[in-house]
Each structure stands twice: as structure tokens, then as C-alpha cells.
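Enquirer: Enclosed is the structure file upload_0.txt (compact mmCIF, C-alpha atoms and all ligand atoms).
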# COMPACT_ATOMS: atom_id res chain seq x y z
CA MET A 720 63.81 13.10 28.67
CA GLY A 721 65.77 14.58 25.79
CA ASN A 722 68.81 16.79 25.46
CA VAL A 723 68.69 20.56 25.74
CA THR A 724 70.74 23.13 23.83
CA VAL A 725 71.03 26.65 25.17
CA ILE A 726 72.06 29.37 22.74
CA GLY A 727 71.97 33.15 22.74
CA ALA A 728 69.43 34.50 20.25
CA GLN A 729 70.85 38.04 20.03
CA TRP A 730 74.43 39.36 20.11
CA GLY A 731 75.48 37.41 23.21
CA ASP A 732 75.22 38.47 26.86
CA GLU A 733 71.56 37.47 27.05
CA GLY A 734 72.00 35.97 30.51
CA LYS A 735 72.77 32.40 29.41
CA GLY A 736 74.87 31.74 32.53
CA LYS A 737 71.99 31.69 34.95
CA ILE A 738 69.75 29.57 32.73
CA VAL A 739 72.52 27.11 31.94
CA ASP A 740 73.39 26.83 35.61
CA TRP A 741 69.76 26.17 36.46
CA LEU A 742 69.49 23.47 33.80
CA ALA A 743 72.97 22.08 34.58
CA SER A 744 71.86 21.08 38.05
CA ARG A 745 69.45 18.66 36.35
CA ALA A 746 71.67 17.50 33.48
CA ASP A 747 74.00 14.48 33.51
CA VAL A 748 76.62 16.08 31.24
CA VAL A 749 77.25 19.68 30.12
CA VAL A 750 79.02 20.30 26.80
CA ARG A 751 80.62 23.40 25.26
CA PHE A 752 80.70 22.98 21.47
CA GLN A 753 82.00 26.26 19.98
CA GLY A 754 83.78 29.51 20.83
CA GLY A 755 86.48 29.84 23.43
CA HIS A 756 87.35 32.09 26.32
CA ASN A 757 85.76 35.04 24.51
CA ALA A 758 82.59 33.93 26.31
CA GLY A 759 81.78 35.20 29.76
CA HIS A 760 79.17 33.52 31.93
CA THR A 761 78.34 34.80 35.38
CA LEU A 762 76.74 32.33 37.76
CA VAL A 763 75.20 33.50 41.00
CA VAL A 764 74.65 30.66 43.44
CA GLY A 765 73.53 31.88 46.83
CA ASP A 766 76.16 34.37 47.96
CA ASN A 767 78.77 33.07 45.55
CA VAL A 768 79.52 34.61 42.16
CA TYR A 769 81.44 32.49 39.65
CA LYS A 770 82.80 33.95 36.44
CA LEU A 771 83.38 31.36 33.73
CA SER A 772 84.90 31.87 30.30
CA LEU A 773 86.00 28.54 28.93
CA LEU A 774 84.76 26.02 31.43
CA PRO A 775 81.26 24.62 30.95
CA SER A 776 78.85 25.86 33.61
CA GLY A 777 78.24 22.35 34.93
CA ILE A 778 81.64 22.52 36.58
CA VAL A 779 80.28 24.57 39.48
CA THR A 780 77.71 21.92 40.42
CA GLY A 781 80.15 19.04 39.83
CA THR A 782 78.26 17.85 36.75
CA PRO A 783 80.60 16.14 34.24
CA SER A 784 81.62 18.90 31.85
CA VAL A 785 82.97 18.50 28.34
CA ILE A 786 84.93 20.92 26.18
CA GLY A 787 84.16 19.67 22.68
CA ASN A 788 86.32 19.71 19.57
CA GLY A 789 84.44 22.75 18.21
CA VAL A 790 85.94 24.94 20.95
CA VAL A 791 89.29 26.73 20.54
CA LEU A 792 91.24 26.23 23.73
CA ASP A 793 93.83 28.56 25.26
CA PRO A 794 95.69 26.26 27.68
CA TRP A 795 97.08 29.13 29.76
CA ALA A 796 93.67 30.76 30.09
CA LEU A 797 92.25 27.37 31.08
CA ASN A 798 94.93 26.97 33.73
CA ALA A 799 94.18 30.40 35.18
CA GLU A 800 90.42 29.74 35.22
CA VAL A 801 90.83 26.34 36.84
CA GLU A 802 93.08 27.83 39.52
CA LYS A 803 90.65 30.65 40.20
CA LEU A 804 87.67 28.34 40.56
CA ARG A 805 89.61 25.90 42.72
CA GLY A 806 90.36 28.90 44.91
CA GLN A 807 86.58 29.36 45.26
CA GLY A 808 86.22 25.75 46.39
CA VAL A 809 85.15 24.18 43.07
CA ARG A 810 86.54 20.68 42.52
CA ILE A 811 88.03 20.33 39.03
CA GLU A 812 89.50 16.90 38.37
CA PRO A 813 89.57 14.63 35.30
CA ASP A 814 86.34 12.89 36.35
CA VAL A 815 84.52 16.24 36.10
CA LEU A 816 86.32 18.02 33.25
CA MET A 817 86.88 16.30 29.92
CA ILE A 818 88.53 17.96 26.94
CA ALA A 819 88.40 16.68 23.36
CA GLU A 820 91.80 15.49 22.16
CA THR A 821 91.03 17.14 18.84
CA CYS A 822 90.53 20.65 20.24
CA PRO A 823 92.68 23.22 18.43
CA LEU A 824 94.80 25.39 20.71
CA ILE A 825 94.83 29.16 20.92
CA LEU A 826 98.49 30.17 21.15
CA PRO A 827 100.10 33.49 22.09
CA ILE A 828 100.69 34.10 18.36
CA HIS A 829 96.92 34.07 17.80
CA ARG A 830 96.41 36.67 20.49
CA ASP A 831 99.18 38.77 18.92
CA LEU A 832 97.60 38.58 15.49
CA ASP A 833 94.13 39.42 16.78
CA ALA A 834 95.51 42.55 18.46
CA MET A 835 97.70 43.58 15.50
CA ARG A 836 94.76 43.41 13.13
CA GLU A 837 92.43 45.28 15.44
CA ASP A 838 95.02 48.00 16.07
CA ALA A 839 95.66 48.37 12.35
CA SER A 840 91.98 48.54 11.40
CA GLY A 841 91.11 51.96 12.83
CA ALA A 842 87.41 52.69 12.47
CA GLY A 843 86.86 49.41 10.61
CA LYS A 844 87.80 47.24 13.58
CA ILE A 845 85.53 44.36 14.58
CA GLY A 846 85.90 45.09 18.27
CA THR A 847 86.98 41.53 19.05
CA THR A 848 87.76 40.32 22.55
CA ARG A 849 91.45 40.14 21.45
CA ARG A 850 91.66 36.59 22.75
CA GLY A 851 92.93 35.14 19.46
CA ILE A 852 89.66 33.39 18.64
CA GLY A 853 89.51 34.30 14.93
CA PRO A 854 93.17 33.53 14.14
CA ALA A 855 92.92 30.17 15.95
CA TYR A 856 89.89 29.14 13.91
CA GLU A 857 91.69 30.28 10.74
CA ASP A 858 94.58 27.94 11.53
CA LYS A 859 92.20 25.10 12.28
CA VAL A 860 90.47 25.44 8.93
CA GLY A 861 93.85 26.08 7.25
CA ARG A 862 95.06 22.73 8.65
CA ARG A 863 97.93 24.33 10.54
CA ALA A 864 96.58 24.13 14.09
CA ILE A 865 98.34 22.58 17.06
CA ARG A 866 95.74 20.44 18.80
CA VAL A 867 95.42 18.98 22.29
CA CYS A 868 96.55 15.55 21.04
CA ASP A 869 99.79 17.12 19.73
CA LEU A 870 100.78 17.86 23.32
CA ALA A 871 101.16 14.12 23.84
CA HIS A 872 103.62 13.99 20.92
CA LEU A 873 106.03 16.79 21.69
CA ASP A 874 108.82 14.97 19.80
CA GLU A 875 106.80 15.32 16.64
CA LEU A 876 105.93 18.97 17.05
CA ASP A 877 108.66 20.39 14.80
CA PRO A 878 107.05 19.83 11.38
CA LEU A 879 103.80 21.30 12.72
CA LEU A 880 105.61 24.34 14.07
CA ASP A 881 107.42 24.73 10.73
CA ARG A 882 104.14 25.03 8.89
CA LEU A 883 102.46 27.20 11.50
CA CYS A 884 105.37 29.59 12.03
CA ALA A 885 106.03 30.00 8.30
CA HIS A 886 102.46 31.23 7.92
CA HIS A 887 102.55 33.52 10.94
CA ASP A 888 105.99 34.93 10.15
CA HIS A 889 104.65 36.24 6.83
CA LEU A 890 101.66 37.81 8.52
CA ARG A 891 103.77 39.33 11.29
CA ALA A 892 106.24 40.75 8.78
CA GLY A 893 103.31 42.54 7.14
CA PHE A 894 102.69 44.32 10.44
CA GLY A 895 106.43 45.06 10.90
CA GLU A 896 106.61 42.56 13.78
CA PRO A 897 109.47 40.11 14.42
CA ALA A 898 109.16 36.42 13.55
CA VAL A 899 107.62 33.99 16.04
CA ASP A 900 109.94 33.04 18.88
CA ARG A 901 109.63 29.40 18.04
CA GLU A 902 111.83 27.97 20.77
CA ARG A 903 109.89 29.90 23.39
CA LEU A 904 106.59 28.67 21.95
CA LYS A 905 107.85 25.10 22.01
CA ALA A 906 109.04 25.45 25.59
CA ASP A 907 105.75 27.00 26.69
CA LEU A 908 103.80 24.15 25.09
CA ALA A 909 106.02 21.57 26.76
CA GLU A 910 105.46 23.24 30.10
CA ILE A 911 101.66 23.35 29.88
CA ALA A 912 101.23 19.94 28.18
CA ASP A 913 100.71 17.79 31.28
CA PHE A 914 98.16 20.16 32.75
CA VAL A 915 95.98 19.92 29.62
CA LEU A 916 96.58 16.23 28.96
CA GLN A 917 95.22 15.14 32.34
CA PHE A 918 91.76 16.18 31.06
CA ALA A 919 92.16 15.02 27.42
CA ARG A 920 89.88 12.22 26.26
CA PRO A 921 88.08 10.85 23.21
CA VAL A 922 85.01 12.72 24.40
CA TRP A 923 82.96 11.58 21.40
CA ARG A 924 83.08 8.09 22.94
CA ASP A 925 82.01 9.34 26.36
CA LEU A 926 79.14 11.23 24.76
CA ASP A 927 78.13 8.22 22.68
CA GLU A 928 78.08 6.15 25.85
CA ALA A 929 76.05 8.82 27.64
CA LYS A 930 73.56 8.83 24.78
CA ARG A 931 73.22 5.04 24.83
CA ARG A 932 72.53 5.15 28.55
CA GLY A 933 69.81 7.77 28.10
CA ARG A 934 71.76 10.47 29.93
CA ARG A 935 70.54 14.05 29.73
CA ILE A 936 73.03 16.19 27.82
CA LEU A 937 73.01 19.97 28.08
CA PHE A 938 74.79 21.82 25.28
CA GLU A 939 75.98 25.22 26.37
CA GLY A 940 76.30 27.72 23.52
CA ALA A 941 78.46 30.82 23.72
CA GLN A 942 77.95 34.25 22.09
CA GLY A 943 74.70 34.58 20.13
CA VAL A 944 73.12 33.75 16.78
CA LEU A 945 73.67 37.29 15.47
CA LEU A 946 77.43 36.73 15.96
CA ASP A 947 77.36 33.47 13.94
CA VAL A 948 79.98 33.49 11.19
CA ASP A 949 77.36 32.47 8.59
CA HIS A 950 74.11 33.86 9.91
CA GLY A 951 75.23 36.91 11.89
CA THR A 952 75.95 40.51 10.99
CA TYR A 953 79.05 39.60 8.97
CA PRO A 954 81.87 40.69 9.14
CA PHE A 955 81.05 41.96 12.65
CA VAL A 956 80.74 38.44 14.02
CA THR A 957 82.79 35.87 15.87
CA SER A 958 84.59 33.12 13.94
CA SER A 959 82.49 30.12 14.91
CA ASN A 960 79.00 28.89 14.15
CA THR A 961 76.94 29.78 17.19
CA VAL A 962 73.69 28.23 15.94
CA ALA A 963 72.28 25.08 17.52
CA GLY A 964 73.20 23.01 14.47
CA THR A 965 76.82 23.14 15.62
CA THR A 966 76.16 20.93 18.66
CA GLY A 967 76.70 17.73 16.64
CA SER A 968 79.83 18.75 14.75
CA GLY A 969 81.34 20.60 17.70
CA SER A 970 81.08 17.64 20.09
CA GLY A 971 81.24 14.53 17.92
CA MET A 972 77.57 13.65 18.15
CA GLY A 973 75.08 13.31 15.32
CA PRO A 974 72.75 15.98 13.97
CA GLY A 975 69.91 14.95 16.26
CA ALA A 976 71.88 15.71 19.42
CA ALA A 977 70.57 19.22 20.04
CA GLY A 978 67.15 18.21 21.43
CA PHE A 979 65.11 21.11 22.80
CA VAL A 980 66.73 24.33 21.56
CA LEU A 981 66.28 27.02 24.16
CA GLY A 982 67.05 30.48 22.79
CA ILE A 983 68.02 32.97 25.47
CA VAL A 984 66.52 36.37 24.72
CA LYS A 985 67.00 39.57 26.67
CA ALA A 986 63.85 41.71 27.02
CA TYR A 987 65.75 44.51 25.22
CA THR A 988 68.87 44.39 23.03
CA THR A 989 72.59 44.84 23.72
CA ARG A 990 75.77 44.49 21.73
CA VAL A 991 79.49 44.80 22.50
CA GLY A 992 81.96 45.57 19.78
CA SER A 993 81.34 47.23 16.44
CA GLY A 994 78.69 46.54 13.82
CA PRO A 995 75.13 47.36 12.88
CA PHE A 996 72.51 47.66 15.64
CA PRO A 997 69.28 49.08 14.19
CA THR A 998 67.47 49.65 17.52
CA GLU A 999 70.46 51.14 19.36
CA LEU A 1000 69.56 54.04 21.69
CA GLU A 1001 72.22 56.66 22.11
CA ASP A 1002 70.03 58.75 24.41
CA GLU A 1003 69.12 58.70 28.09
CA VAL A 1004 66.81 55.69 27.58
CA GLY A 1005 69.77 53.64 26.31
CA GLN A 1006 71.85 54.90 29.20
CA ARG A 1007 69.16 53.91 31.65
CA LEU A 1008 68.95 50.40 30.21
CA GLY A 1009 72.73 50.08 30.50
CA GLU A 1010 72.80 51.29 34.10
CA ARG A 1011 69.82 49.27 35.32
CA GLY A 1012 70.95 46.18 33.42
CA HIS A 1013 74.61 46.52 34.52
CA GLU A 1014 75.58 46.23 30.90
CA PHE A 1015 79.33 45.82 31.04
CA GLY A 1016 81.10 42.89 29.37
CA THR A 1017 82.09 40.01 31.66
CA VAL A 1018 85.25 39.34 29.66
CA THR A 1019 86.52 42.75 28.58
CA GLY A 1020 84.63 45.10 30.91
CA ARG A 1021 83.51 47.12 27.89
CA ARG A 1022 80.27 49.09 28.09
CA ARG A 1023 77.56 47.32 26.10
CA ARG A 1024 75.52 49.27 23.57
CA CYS A 1025 71.79 49.15 24.46
CA GLY A 1026 68.53 49.43 22.53
CA TRP A 1027 64.89 48.38 22.25
CA PHE A 1028 63.80 44.80 21.69
CA ASP A 1029 64.21 43.82 18.05
CA ALA A 1030 61.58 41.22 17.18
CA VAL A 1031 62.74 41.05 13.56
CA LEU A 1032 66.20 39.86 14.54
CA VAL A 1033 65.02 37.42 17.17
CA LYS A 1034 62.48 35.94 14.72
CA GLN A 1035 65.36 35.50 12.26
CA SER A 1036 67.56 33.89 14.94
CA ALA A 1037 64.79 31.52 15.92
CA ALA A 1038 64.37 30.44 12.31
CA VAL A 1039 68.05 29.95 11.38
CA SER A 1040 68.84 28.19 14.61
CA GLY A 1041 65.70 26.10 14.94
CA ILE A 1042 64.78 27.49 18.35
CA THR A 1043 62.08 25.45 20.10
CA GLY A 1044 61.28 27.93 22.86
CA ILE A 1045 62.81 31.01 24.45
CA ALA A 1046 63.91 32.04 27.91
CA LEU A 1047 63.22 35.73 28.35
CA THR A 1048 65.70 37.44 30.68
CA LYS A 1049 66.14 40.78 32.42
CA ILE A 1050 62.56 41.93 32.01
CA ASP A 1051 62.94 43.70 35.37
CA VAL A 1052 65.27 46.22 33.67
CA LEU A 1053 62.20 47.61 31.89
CA ASP A 1054 60.23 48.06 35.16
CA GLY A 1055 58.94 51.60 35.65
CA MET A 1056 59.22 52.76 32.04
CA ASP A 1057 56.25 54.80 30.79
CA ARG A 1058 56.41 53.41 27.27
CA VAL A 1059 58.27 50.51 25.70
CA LYS A 1060 59.00 49.91 22.03
CA ILE A 1061 59.44 46.76 19.95
CA CYS A 1062 60.97 46.78 16.47
CA THR A 1063 58.73 44.99 13.96
CA GLY A 1064 60.44 45.85 10.66
CA TYR A 1065 63.01 48.09 8.99
CA LYS A 1066 63.01 50.79 6.39
CA ILE A 1067 65.97 51.08 4.07
CA GLY A 1068 65.32 53.99 1.73
CA ASP A 1069 61.71 53.49 0.65
CA THR A 1070 61.72 49.73 1.05
CA VAL A 1071 60.25 47.97 4.08
CA TYR A 1072 61.92 44.75 5.25
CA ASP A 1073 60.65 42.06 7.61
CA TYR A 1074 64.17 40.63 7.93
CA LEU A 1075 67.67 42.09 8.15
CA PRO A 1076 69.26 42.03 4.69
CA PRO A 1077 72.81 40.58 4.61
CA HIS A 1078 74.86 43.48 3.28
CA ALA A 1079 76.67 45.49 5.97
CA ALA A 1080 75.80 48.78 4.22
CA ASP A 1081 72.07 47.95 4.20
CA GLN A 1082 72.27 46.84 7.81
CA ALA A 1083 73.92 50.10 8.79
CA ARG A 1084 71.20 52.14 7.03
CA ALA A 1085 68.22 50.13 8.35
CA THR A 1086 65.92 52.30 10.45
CA PRO A 1087 63.56 50.48 12.79
CA ILE A 1088 59.79 50.50 12.52
CA TYR A 1089 58.45 50.44 16.06
CA GLU A 1090 55.32 49.31 17.79
CA GLU A 1091 54.76 51.15 21.09
CA MET A 1092 53.14 49.84 24.22
CA ASP A 1093 52.45 51.19 27.68
CA GLY A 1094 55.09 50.18 30.19
CA TRP A 1095 54.33 48.94 33.70
CA GLN A 1096 54.78 50.57 37.07
CA GLY A 1097 54.91 47.54 39.38
CA THR A 1098 57.97 45.34 39.64
CA THR A 1099 58.74 42.11 37.86
CA ALA A 1100 61.97 41.58 39.84
CA GLY A 1101 61.98 38.29 41.71
CA ALA A 1102 58.65 37.09 40.24
CA ARG A 1103 58.24 33.31 40.28
CA SER A 1104 54.80 32.97 38.66
CA TRP A 1105 52.73 34.81 36.07
CA ALA A 1106 50.49 36.01 38.91
CA ASP A 1107 53.48 37.99 40.28
CA LEU A 1108 53.83 40.00 37.07
CA PRO A 1109 52.03 43.30 36.31
CA ALA A 1110 49.38 42.75 33.60
CA GLN A 1111 51.16 45.04 31.17
CA ALA A 1112 54.42 43.08 31.55
CA ILE A 1113 52.55 39.89 30.65
CA LYS A 1114 51.17 41.70 27.59
CA TYR A 1115 54.73 42.62 26.58
CA VAL A 1116 55.90 39.00 26.87
CA ARG A 1117 52.91 37.69 24.93
CA ARG A 1118 53.45 40.25 22.16
CA ILE A 1119 57.09 39.19 21.86
CA GLU A 1120 56.03 35.55 21.55
CA GLU A 1121 53.62 36.46 18.78
CA LEU A 1122 56.13 38.55 16.83
CA ILE A 1123 59.03 36.09 17.00
CA ARG A 1124 56.74 33.10 16.34
CA CYS A 1125 58.18 31.15 19.23
CA PRO A 1126 56.78 30.27 22.65
CA VAL A 1127 58.25 31.43 25.94
CA ALA A 1128 59.48 28.43 27.94
CA LEU A 1129 60.69 30.44 30.89
CA VAL A 1130 61.08 33.98 32.16
CA SER A 1131 64.01 35.01 34.35
CA THR A 1132 63.29 37.85 36.75
CA SER A 1133 66.59 38.32 38.60
CA PRO A 1134 70.12 36.88 38.58
CA ASP A 1135 69.10 34.50 41.37
CA ARG A 1136 68.69 30.89 40.26
CA ASP A 1137 65.23 30.57 41.80
CA ASP A 1138 63.71 33.77 40.41
CA THR A 1139 62.35 32.06 37.33
CA ILE A 1140 58.86 31.54 35.92
CA LEU A 1141 58.79 28.10 34.36
CA VAL A 1142 56.22 27.74 31.58
CA SER A 1143 57.45 24.47 30.10
CA ASP A 1144 60.42 22.37 31.19
CA PRO A 1145 62.88 22.00 28.30
CA PHE A 1146 64.12 18.66 29.67
CA SER A 1147 60.68 17.09 29.62
CA ALA A 1148 59.27 18.86 26.58
P1 LIG A 1201 85.88 37.54 18.91
O1 LIG A 1201 84.93 36.43 19.19
O2 LIG A 1201 86.80 37.85 20.05
O3 LIG A 1201 86.62 37.35 17.61
O4 LIG A 1201 85.00 38.88 18.71
C1 LIG A 1201 84.14 39.04 17.59
C2 LIG A 1201 82.87 39.77 17.99
O5 LIG A 1201 82.10 38.94 18.85
C3 LIG A 1201 83.08 41.08 18.77
O6 LIG A 1201 82.04 41.97 18.42
C4 LIG A 1201 82.92 40.65 20.22
O7 LIG A 1201 82.53 41.73 21.05
C5 LIG A 1201 81.83 39.61 20.07
N1 LIG A 1201 81.83 38.61 21.13
C6 LIG A 1201 82.65 37.56 21.27
N2 LIG A 1201 82.33 36.84 22.36
C7 LIG A 1201 81.27 37.44 22.91
C8 LIG A 1201 80.44 37.13 24.05
O8 LIG A 1201 80.63 36.12 24.76
N3 LIG A 1201 79.42 37.99 24.30
C9 LIG A 1201 79.17 39.06 23.51
N4 LIG A 1201 79.88 39.38 22.44
C10 LIG A 1201 80.94 38.58 22.14
Have the structure of the file written as C-alpha cells, please.

Expert:
Amino acid sequence: MGNVTVIGAQWGDEGKGKIVDWLASRADVVVRFQGGHNAGHTLVVGDNVYKLSLLPSGIVTGTPSVIGNGVVLDPWALNAEVEKLRGQGVRIEPDVLMIAETCPLILPIHRDLDAMREDASGAGKIGTTRRGIGPAYEDKVGRRAIRVCDLAHLDELDPLLDRLCAHHDHLRAGFGEPAVDRERLKADLAEIADFVLQFARPVWRDLDEAKRRGRRILFEGAQGVLLDVDHGTYPFVTSSNTVAGTTGSGSGMGPGAAGFVLGIVKAYTTRVGSGPFPTELEDEVGQRLGERGHEFGTVTGRRRRCGWFDAVLVKQSAAVSGITGIALTKIDVLDGMDRVKICTGYKIGDTVYDYLPPHAADQARATPIYEEMDGWQGTTAGARSWADLPAQAIKYVRRIEELIRCPVALVSTSPDRDDTILVSDPFSA
């Protein structure tokens, strides 16, 4: 039994929540290793719907859940999420939730900066979640961050605040904003410190111990490979590495930690925020996908852009992230369509590409080359075996496998945990 890493293979929102929840019930530990509360995972368990942003999905089933050092942590958002889930009857205590002492904090000044930049960018805006993710990672890499362990040393916070505020005051002045209210920030940190510290641990040691005992670790990725700061559609990306290779560095485990890399892939494509999207449909087909797929962001409520399945991009994601197998989700959204299309290449001017070139201008000009197939009239919703699927839907899945050069490990046919066709079990592969 090895570890499993779940990552999104498109632009996020592939339906990771359900798959992670399903796997979490069989894992011994669940670990978040990148991103922050920009993520939004919806878990449907029976009649209950849980919306998670920062907490690992294992929390709902009481599986020990770790927020690794690669995550940027907003303590106030964490507090609100913990309170909300406790209100739904979920037990969240230090034996279930463990937070790396080295996690950098997202502070109100990061949220401010995120919003100021977006507001000032006009048409060039990234379309971020405005949660302060990018600015917090900048301060981490710039060696100015306040980290979880600093909350246990409030007496020694001043020199850190000097460095941090000096940097932010310059940036804020550029936007015509007043300097950071440093005393307020210090007081806010002092007030939230105990709440965070009750969960703070050297999680690398816990994970090392878990590994030595042969425990099954589930790494829960956020966002998607196409939003990766190195491999995504830069600059329209998030500020972390979303690829599976980040599991080791983002948790304090070695490079072999990832185990089976399960790429979550929606049977069509969606994106929130700005940036290139070659197969985007701005017609009634796109609208239909959005309506049937309930394509609104969990975090910001924004309408997601929708388009046909892009096999070129998913093939690229599978390669750069070392995906072992995919979980195909939301195939039922395509039920009843006369024809379906899959993108197999791009044309930019007269040149044909079998990958997405890196320059934003090329990406914006790329027109898709499509392969068309007949759709299917029966329903795939709720199917739990191949025999439940219309023949043409199976053909669609098999064609996707072929084009992305990666096998399907499971197919999800509704938000319900049990509506899943299991082809191979990632934990025993
Ligand atoms: P940020 O992560 O808030 O900086 O946003 C950067 C880009 O990533 C924007 O296009 C967001 O819409 C996108 N993004 C961030 N988190 C998610 C997510 O969980 N799902 C989908 N898109 C996301």
C-alpha cells in the first residue's frame, strides 16, 4: 500500500473534493502541501454538504489532517472555517488537525495588496481570488514572512514587523494607501496566536513517523496543473507549484512521497479568472455546460468559463506532473449532447502545435483543432460500473485515455461518494 497524491490536471475545480473525500476515508493521514484558502472543495456526504477551503478533506471523516509548510495560512480564515465546521458537528481538535510550525501566514496586508493590484490592473488583471495568496508567497520567498512559529515568540516580533512593514509601506504608498497599521497588526496576531498554536507541530516528524509505520498518506492538491507558477499559463496562474512534485517540499517529506499520482480531470474544461483558454465556448453550448455542471466558483461564486475537453493540455499536465492515472469527473454533464468535441492540437498562424507554447500571446492566439464524436442519449449519472454507461460514453472515455497517454483509474458519475466506477485502486496500485 503506497501513498496517493491527488492533483487537478486542468485549471482547478475538476471535482477533487469528492475524490479526495472518497480516498480520505481509507487513508491514515491527509496532507495539504500548497495553496491556501483560495481552494474550494465541496464534499457531499449523505445529506450533508461541507465546504472546505483551507482544511484538508480528511477532517470531515476524522482522519488526521496536516497543513504542510508549503501552504500559506490565513489564521482568521482558518478560525472561521473551523467554527463553521464545528457548527456542522465536525470534531476539530489538535489530535485531528496538525499545522506545520513553519507555515507562512497570510495577513490582512496581503489581502489588501492583492486587491489593490487587481483593482489597478484593469483589463490585465489576473482575476485572483483576492485572498492574499500571491503577496504571502512573495513575502515567504523574500524572507519577510511571519510564520506560525513566530506566534509563539510574540516578544520577538518587532524586528520581523520592521522588515515586513517597511516593504509593504513602500508598496502601499505606490497605490496612494496609508502605511500599515502596525500596532493593530501586532494586536491582531497576539489575539489569534493561541488558536493557531494549539494545532502547531513539527509535522515533518509526524509524517516521518507515519512513513516508518507504513501508514497510508493522501496528499491533497489544490488548484490545478495549468495554474502552476512554473508550468501553467503564466502569468495567469496562482503563486504556488501545484504539480505533484511539490508534495515532498511542501510537507517535509522526501521526493518519493507522492506515490500514485491521481490527476483529476473534468470531462470538459472550465476556468475561473482571466487568461488563455483555447477551447472556451462563448455560445449556447458553453452556457449549457455551465448550467448543467453548476459551474460557479466555490470560493468566490464567480461564473466559470466553459469549453470542450482539451486533450493537448491534459496530456501536458500529465507529463509535467508525472500523473499515474486519472479520475474522470462530471461526464454526466455531457449526457444528451448530439456531438462532442475533443481538442487534439492548436493552430497558431500556419503552424500546428501538439502542445501549448509558453508565451501568453501565442496562447491567446491558439485556435483548437477538434476531433468530433457522436454524443450519447442515455444517462451516465449515477453509474457504478462500465456496464451502466452508454457505449458511446465509453468510447469517449477510451479516446481521452488514448490522447492524453494516461489510463483512467476511476470515473465519477455524480457528486455522491458512491457513484464512482473504480477501474484500479490508487492505494493498491
Ligand atoms: P490566486 O490563487 O488567488 O492568486 O488566483 C490566481 C488564479 O488562480 C486566478 O485565476 C484564480 O481564479 C485561480 N485560482 C486560485 N485558486 C483556485 C481554485 O481553487 N480553483 C480554480 N481556480 C483557482

Enquirer: May I have the residues within 7 Å of Pro997 (chain A) as a ChimeraX atom specification, using all atoms listed in the file and disregarding those fewer than 5 positions away in the same chain?

Expert: /A:1085-1087

Enquirer: Would you list the contacts of Thr821 (chain A) as a ChimeraX atom specification, taking every protein, DNA or RNA residue within 8 Å and counting all atoms listed in the file, but skipping same-chain residues closer than 5 positions in sequence?

Expert: /A:788,866-868

Enquirer: Residues within 6 Å of ligand LIG 1201 (chain A) should be enumerated using only C-alpha atoms and all ligand atoms and returned as a PyMOL selection string.

Expert: chain A and resi 730-732+757-759+845-850+852-853+941-942+946+955-958+991-993

Enquirer: Determine, counting all atoms listed in the file, every residue of protein, DNA or RNA that lies within 7 Å of (68.6, 20.3, 19.3) in the file coordinates, then give the result as JSON, numbers by chain.

Expert: {"A": [723, 724, 963, 975, 976, 977, 978, 979, 980]}

Enquirer: Select, from A:Thr780, A:Ser1131, A:Gln753, A:Thr1063, the residue with the minimum atom-to-atom distance to Leu804 (chain A), counting only C-alpha atoms.

Expert: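 The shortest atom-to-atom distance to Leu804 (chain A) comes from A:Thr780.
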
Enquirer: Do you have the CA of Val1052 (chain A)-CA of Arg751 (chain A) distance handy?

Expert: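 Value for the CA of Val1052 (chain A)-CA of Arg751 (chain A) distance: 28.8 Å.
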
Enquirer: Could you list, as a PyMOL selection string, every residue within 9 Å of Met972 (chain A), counting only C-alpha atoms and ignoring same-chain residues fewer than 3 positions away?

Expert: chain A and resi 923+926-927+966-969+975-976

Enquirer: Could you check the closest approach to Leu832 (chain A) for each of A:Val1142, A:Ala1100, A:Val899, A:Ile811 and tell me which residue wins, using all atoms listed in the file?

Expert: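 Distance minimum relative to Leu832 (chain A) lands on A:Val899.
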
Enquirer: Using Å and a single decimal, report how far CA of Ala929 (chain A) sits from CA of Val815 (chain A).

Expert: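 Computing the Euclidean distance for CA of Val815 (chain A) and CA of Ala929 (chain A) yields 14.1 Å.
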
Enquirer: What does the structure give for the distance between CA of Asn722 (chain A) and CA of Phe1028 (chain A), in Å to one decimal?

Expert: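 Separation of CA of Asn722 (chain A) and CA of Phe1028 (chain A): 28.7 Å.
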
Enquirer: Give one line per residue of region 754-847 of chain A that approaches region 735-749 of chain A to at most 10 Å, naming the two atoms of the closest pair and their distance in Å to one decimal, counting only C-alpha atoms; sort by chain then ascending residue number and deliver it as CSV.

Expert:
residue,atom,partner,partner_atom,distance
A:Gly759,CA,A:Gly736,CA,8.2
A:His760,CA,A:Gly736,CA,4.7
A:Thr761,CA,A:Gly736,CA,5.4
A:Leu762,CA,A:Lys737,CA,5.6
A:Val763,CA,A:Lys737,CA,7.1
A:Val764,CA,A:Asp740,CA,8.8
A:Tyr769,CA,A:Gly736,CA,9.7
A:Lys770,CA,A:Gly736,CA,9.1
A:Leu771,CA,A:Gly736,CA,8.6
A:Leu774,CA,A:Val749,CA,9.9
A:Pro775,CA,A:Val749,CA,6.4
A:Ser776,CA,A:Asp740,CA,5.9
A:Gly777,CA,A:Ala743,CA,5.3
A:Ile778,CA,A:Val749,CA,8.3
A:Val779,CA,A:Asp740,CA,8.2
A:Thr780,CA,A:Ser744,CA,6.4
A:Gly781,CA,A:Ser744,CA,8.7
A:Thr782,CA,A:Val748,CA,6.0
A:Pro783,CA,A:Val748,CA,5.0
A:Ser784,CA,A:Val749,CA,4.8
A:Val785,CA,A:Val749,CA,6.1
A:Ile786,CA,A:Val749,CA,8.7
A:Val815,CA,A:Val748,CA,9.3
A:Leu816,CA,A:Val749,CA,9.7

Enquirer: Select, from A:Gln729, A:Thr1043, A:Gln1096, A:Ser1133, the residue with the minimum atom-to-atom distance to Phe1146 (chain A), counting all atoms listed in the file.

Expert: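 Between A:Gln729, A:Thr1043, A:Gln1096, A:Ser1133, the residue approaching Phe1146 (chain A) most closely is A:Thr1043.
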
Enquirer: Go through region 923-1016 of chain A residue by residue and, counting all atoms listed in the file, keep those with an atom at most 12 Å from region 1110-1124 of chain A; for each kept residue give the shortest atom pair and its distance in Å to one decimal, ordered by chain and increasing number, as CSV.

Expert:
residue,atom,partner,partner_atom,distance
A:Gly982,CA,A:Ile1123,CA,11.4
A:Val984,CA,A:Ile1119,CA,10.2
A:Lys985,CA,A:Ile1119,CA,11.0
A:Ala986,CA,A:Val1116,CA,8.4
A:Tyr987,CA,A:Ile1119,CA,10.7

Enquirer: Pick the closest to Leu1129 (chain A) from A:Gln1006, A:Thr1098, A:Thr1048, A:Gln1082: which is it, counting all atoms listed in the file?

Expert: A:Thr1048

Enquirer: Point out the residue among A:Ala1148, A:Ala1030, A:Ala864, A:Ala871 with the least atom-to-atom distance to His886 (chain A), counting all atoms listed in the file.

Expert: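 Using all atoms listed in the file, the shortest distance to His886 (chain A) belongs to A:Ala864.
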
Enquirer: Between A:Phe752, A:Tyr1065, A:Trp795, A:Phe914, which residue has the minimum interatomic distance to Glu812 (chain A), considering all atoms listed in the file?

Expert: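 Closest to Glu812 (chain A) of all the choices is A:Phe914.
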